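Student: Attaching a single structure in structure tokens format; questions to follow.
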Amino acid sequence: MKITRKEFLKISGACLVALSGKKALAVLDSGANRQASSSTGKVRKQLGMVVDTRKCAKAQGCTKCIDACVQAHNIPSFPNPAHQIKWIWERPFGDLFSSYETQYLEPSLKDQSTPVLCNHCDNPPCVRVCPTAATWKREEDGIVMMDWHRCIGCRYCMAACPYGARSFNWVDPRPHIENLNPNFPTRTKGVVEKCTFCSERLAAGQLPACVEACPERALIFGDVNDPKSEIGQLLAKSYTLRRRPELGTGPNIYYLV
Amino acid sequence: MFMLEKAIVGGRKYWVWIGILLAVIAVAFGVYLRQLNYGLGLTGMSRNISWGLYIGQFTFMVGVAASAVMVVLPYYLHNHKEFSRMTILGEFLAVSAVTMCLLFIFVDMGQPMRVFNVILYPQPHSIMFWDMISLSGYLLLNATITYFTLRAEQQDVHYPHWLKYIILLSIPWAISIHTITGFLYAGLPGRLAWRTAIMAPRFLASAFAAGPALLILLCLLLRQQTGYNVGEKAINGLSVIVTYAMVINVFFIAMEFFTAMYSRVPGLTEDFQDLYLGSVRTSLLPWGRTSLVLMAAALVFLLVPRLRHNEKGLAVACVLVFSSLWVDKGLCMVVGGFIPSPLGAITRYVPTLPEMTITLGIWAVGALMVTVFYKIALSVEIAKELSYVPAYEFARTGGAVGLHAHSSSAVAGPGSGMAGRANEEVSGKGGDE
């Protein structure tokens with residue numbers, strides 16, 4: 001059979017289109033990842049956290065988790081709220097779960113300050129939109145990571161994040177760091193940053209700084225896909241809330257109420 | 001070299017205008033250096049409103065760029081000859097507008113020196129990657145088209161035969177740049193004001209109103225300043241396009257309004273409350289309302305025949321269309337998507353003086369490009385018209401391709417320039433539809 005050059009180009013072109021079409025479908029099908037992991041029979045590790053709001057309520061006004069994070073990660077403090085950098089911070093419960101609260105909820109419950117941080121989603125929109133893969137979902141433990149040396153500062157991830165978990169360095173943060181931790185990098189102006197579940201501490205076999213600092217042990221950290229872990233058992237036995245689960249992002253911070 | 005020599009001959013008025021633009025650009029560049037040094041904290045953007053005037057203007061200018069298709073398509077696909085003198089003006093406007101888009105993206109970046117990371121680590125799952133491809137491709141297409149058609153014009157030959165494929169490609173490509181820019185917003189799960197399937201259609205409708213409105217104003221200005229006349233029919237044809245596009249744009253807004261306000265789903269209604277109703281006090285409210293009033297006035301001027309057919313009335317209509325959409329898309333659309341924040345915060349956003357200066361500087365770059373390009377185009381046109389005696393009209397070759405040296409450079413008289421391209425169908429079948 002003779003194939004002319006024109007035919008060859010046509011056939012290879014059609015193959016390319018078909019292949020890229022398959023790729024595109026895989027990108028669009030958010031369930032593809034889950035199915036892939038279940039078909040191999042092995043469930044992928046996914047680090048997550050349970051915030052026990054009842055324990056947290058016992059120590060209202062306590063900011064030890066936030067302080068530990070700020071110290072561990074050289075987070076600057078800006079008086080101007082527009083420029084603030086936040087990895088873990090606190091907001092009234094009602095702001096986190098506006099669709100769950102009822103008009104009858106007591107102010108003390110509605111306004112109870114609750115920790116907020118990156119949800120390390122199963123399908124993170126921030127990772128999907130990043131044009132340089134400066135933020136990505138780590139294969140081995142599901143952490144949404146950040147590369148501050150690759151980020152171009154377009155802030156598309158900030159628009160994409162439905163949780164407001166990302167901060168941008170609007171100005172040089174270094175002069176605003178109160179207590180420099182020489183073991184952790186500082187950032188430059190013009191890049192985005194967020195919580196990384198203390199990947200540097202996990203690598204050294206430690207727990208995240210916020211988890212370790214909590215006097216009430218209100219933050220429970222571990223592999224949510226491991227039914228034998230403390231967090232796995234807690235999630236199996238109790239009702240928990242996640243922020244905006246209807247968006248399909250698969251958030252991995254669970255709030256025990 | 002690229003016929004730039006034609007841009008350095010001009011009268012006093014021409015040089016004063018160029019001088020003003022260069023001065024604005026110089027000042028803006030100085031402010032940009034300050035922003036580069038200090039960081040984007042120099043702007044009014046914040047943690048909650050992380051895109052502002054720059055990205056809004058970028059989005060608006062993508063529309064102006066895409067709108068060139070509204071002269072290119074009727075002219076090349078439907079052989080709408082009235083647009084012959086206007087087509088190159090539309091294409092040059094597109095080149096300038098896309099350049100402005102790229103500049104707006106660039107000044108919005110926190111780490112502009114890392115811009116090539118987008119090419120070094122391409123991410124096909126990011127819409128921004130595709131936006132970069134479509135915008136730079138569109139710039140390349142239009143730069144090629146304008147250069148070769150104008151050069152052919154100057155040498156009095158037909159443009160090279162392969163160029164018609166480039167021109168054909170530029171038509172769907174123009175649609176694609178604004179569709180992909182719509183996808184930038186519509187594909188984000190958490191921003192309910194943007195997550196609407198008619199985002200891209202709405203973008204296209206507003207683009208096809210604002211872009212041609214600007215082109216009409218530029219054509220009227222050209223005639224007043226230089227005597228170059230694109231022809232009454234061309235202006236009328238374009239004004240019909242503006243009218244339809246503006247009506248469709250307002251219709252789309254009404255669709256969004258109904259869906260949100262009748263279903264009363266809080267995430268959907270919030271945007272309209274912020275922009276128009278004022279149940280929550282935001283810094284956007286006066287802008288949203290201004291845009292609505294301007295749109296309503298524009299519709300009156302466009303839809304009343306007596307007003308639109310009167311040249312002054314048409315000019316007013318075009319100013320209204322352009323400014324209403326400039327506010328709606330260039331400011332309200334982007335900022336509105338960030339209010340309220342994911343944690344329910346209502347944040348104020350007001351562009352700062354440095355931010356506005358840099359924006360003005362990019363507009364001055366666009367104006368400078370349009371001025372120089374139009375100067376070149378007109379020099380070629382006018383030189384041609386002076387050297388020609390009313391000439392011969394060749395039978396249409398009906399899609400035959402090839403370089404028919406002079407055969408298709410028919411000029412019916414000084415009134416119809418753009419001879420080389422005027423007489424041959426691009427589409428093989430041809431014919432008006």
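Please note that chains go A, B, ... in the order of the structure tokens, that every chain numbers its residues from 1, and that ligands are numbered from 1 in the order shown.
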What's around Phe129 in chain B at 8 Å? Count only C-alpha atoms, leave out sequence neighbours fewer than 5 positions away in its own chain, and write the answer as a list of chain:residue names.
Tutor: A:Pro131, B:Val118, B:Pro122, B:Gln123, B:Pro124
Student: Got time to write the residues from that selection, C-alpha atoms, as a CSV table (one decimal), in the first residue's frame?
Tutor:
chain,number,residue,atom,x,y,z
A,131,PRO,CA,0.5,28.5,34.1
B,118,VAL,CA,5.2,30.1,31.0
B,122,PRO,CA,4.0,24.9,29.6
B,123,GLN,CA,0.9,23.7,31.4
B,124,PRO,CA,-1.9,22.8,28.9
Student: Taking only C-alpha atoms into account, which of A:Val50, A:Val191, A:Ala204, A:Ala213 comes nearest Ala236 in chain A?
Tutor: A:Val50
Student: Which residues come within 7 Å of range 230-235 of chain B, counting only C-alpha atoms, excluding same-chain residues fewer than 6 positions away, as a ChimeraX atom specification?
Tutor: /B:82-83,85-86,216,219
Student: Could you dump the residues just selected with N, CA and C atoms as a PDB file, in the first residue's frame?
Tutor:
ATOM      1  N   GLU B  82     -17.762  47.725   0.583  1.00  0.00           N
ATOM      2  CA  GLU B  82     -17.774  49.030   1.249  1.00  0.00           C
ATOM      3  C   GLU B  82     -16.674  49.132   2.306  1.00  0.00           C
ATOM      4  N   PHE B  83     -16.281  47.976   2.841  1.00  0.00           N
ATOM      5  CA  PHE B  83     -15.304  47.998   3.929  1.00  0.00           C
ATOM      6  C   PHE B  83     -13.859  48.022   3.428  1.00  0.00           C
ATOM      7  N   ARG B  85     -11.771  50.223   2.364  1.00  0.00           N
ATOM      8  CA  ARG B  85     -10.818  51.222   2.860  1.00  0.00           C
ATOM      9  C   ARG B  85     -10.666  51.144   4.385  1.00  0.00           C
ATOM     10  N   MET B  86     -11.519  50.346   4.999  1.00  0.00           N
ATOM     11  CA  MET B  86     -11.523  50.325   6.449  1.00  0.00           C
ATOM     12  C   MET B  86     -10.813  49.088   7.003  1.00  0.00           C
ATOM     13  N   ILE B 216     -15.252  53.432  14.306  1.00  0.00           N
ATOM     14  CA  ILE B 216     -16.046  54.503  13.683  1.00  0.00           C
ATOM     15  C   ILE B 216     -15.481  55.858  14.117  1.00  0.00           C
ATOM     16  N   CYS B 219     -12.292  56.567  12.339  1.00  0.00           N
ATOM     17  CA  CYS B 219     -12.510  56.909  10.935  1.00  0.00           C
ATOM     18  C   CYS B 219     -13.016  58.343  10.792  1.00  0.00           C
TER      19      CYS B 219
END
Student: With the cut-off set at 8 Å and counting only C-alpha atoms, tabulate each residue of range 15-114 of chain B with an atom at most that distance from an atom of range 203-213 of chain B, showing the nearest atom pair and its distance in Å to one decimal, ordered by chain and increasing number, as JSON lines.
Tutor:
{"residue": "B:Phe60", "atom": "CA", "partner": "B:Ala207", "partner_atom": "CA", "distance": 7.6}
{"residue": "B:Val62", "atom": "CA", "partner": "B:Ala207", "partner_atom": "CA", "distance": 8.0}
{"residue": "B:Gly63", "atom": "CA", "partner": "B:Ala207", "partner_atom": "CA", "distance": 4.2}
{"residue": "B:Val64", "atom": "CA", "partner": "B:Gly211", "partner_atom": "CA", "distance": 4.3}
{"residue": "B:Ala65", "atom": "CA", "partner": "B:Gly211", "partner_atom": "CA", "distance": 7.3}
{"residue": "B:Ala66", "atom": "CA", "partner": "B:Ala207", "partner_atom": "CA", "distance": 7.0}
{"residue": "B:Ser67", "atom": "CA", "partner": "B:Gly211", "partner_atom": "CA", "distance": 5.1}
{"residue": "B:Ala68", "atom": "CA", "partner": "B:Gly211", "partner_atom": "CA", "distance": 7.4}
{"residue": "B:Met70", "atom": "CA", "partner": "B:Phe208", "partner_atom": "CA", "distance": 6.9}
Student: Just write the chosen residues, C-alpha atoms, as a tab-separated table (two decimals), in the first residue's frame.
Tutor:
chain	number	residue	atom	x	y	z
B	60	PHE	CA	-11.48	44.99	27.60
B	62	VAL	CA	-8.89	41.67	24.08
B	63	GLY	CA	-12.39	42.61	22.95
B	64	VAL	CA	-11.19	45.60	20.94
B	65	ALA	CA	-8.60	43.37	19.28
B	66	ALA	CA	-11.11	40.64	18.47
B	67	SER	CA	-13.51	43.14	16.95
B	68	ALA	CA	-11.32	43.54	13.85
B	70	MET	CA	-16.24	42.54	12.28
Student: So which residues of range 106-172 of chain A fall under alpha helix (DSSP H) by DSSP, listed as a PDB file with C-alpha atoms, in the first residue's frame?
Tutor:
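Generated file (part_1.pdb):
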ATOM      1  CA  PRO A 107     -23.681  34.698  68.917  1.00  0.00           C
ATOM      2  CA  SER A 108     -21.164  32.869  71.065  1.00  0.00           C
ATOM      3  CA  LEU A 109     -21.270  29.938  68.637  1.00  0.00           C
ATOM      4  CA  LYS A 110     -21.647  31.986  65.482  1.00  0.00           C
ATOM      5  CA  PRO A 125      -8.451  24.639  41.217  1.00  0.00           C
ATOM      6  CA  CYS A 126      -5.305  26.637  42.033  1.00  0.00           C
ATOM      7  CA  VAL A 127      -3.133  23.843  40.622  1.00  0.00           C
ATOM      8  CA  ARG A 128      -5.322  23.510  37.545  1.00  0.00           C
ATOM      9  CA  VAL A 129      -4.996  27.192  36.627  1.00  0.00           C
ATOM     10  CA  TYR A 156      -4.556  33.355  38.877  1.00  0.00           C
ATOM     11  CA  CYS A 157      -4.422  30.826  41.757  1.00  0.00           C
ATOM     12  CA  MET A 158      -5.784  33.468  44.144  1.00  0.00           C
ATOM     13  CA  ALA A 159      -8.745  34.060  41.857  1.00  0.00           C
ATOM     14  CA  ALA A 160      -9.252  30.302  41.545  1.00  0.00           C
TER      15      ALA A 160
END
Student: Please identify all residues of chain A having at least one atom at most 8 Å from any atom of chain B, considering only C-alpha atoms, and return them as a PyMOL selection string.
Tutor: chain A and resi 27+81-84+95-96+125+128-133+150-155+158-164+167-168+170-172+189-191+247
Student: Once DSSP has gone over the backbone, tell me which residues of range 33-161 of chain A are in strand (DSSP E or B), as number ranges by chain.
Tutor: A: 47-52, 88-92, 113-117, 135-137, 144-146
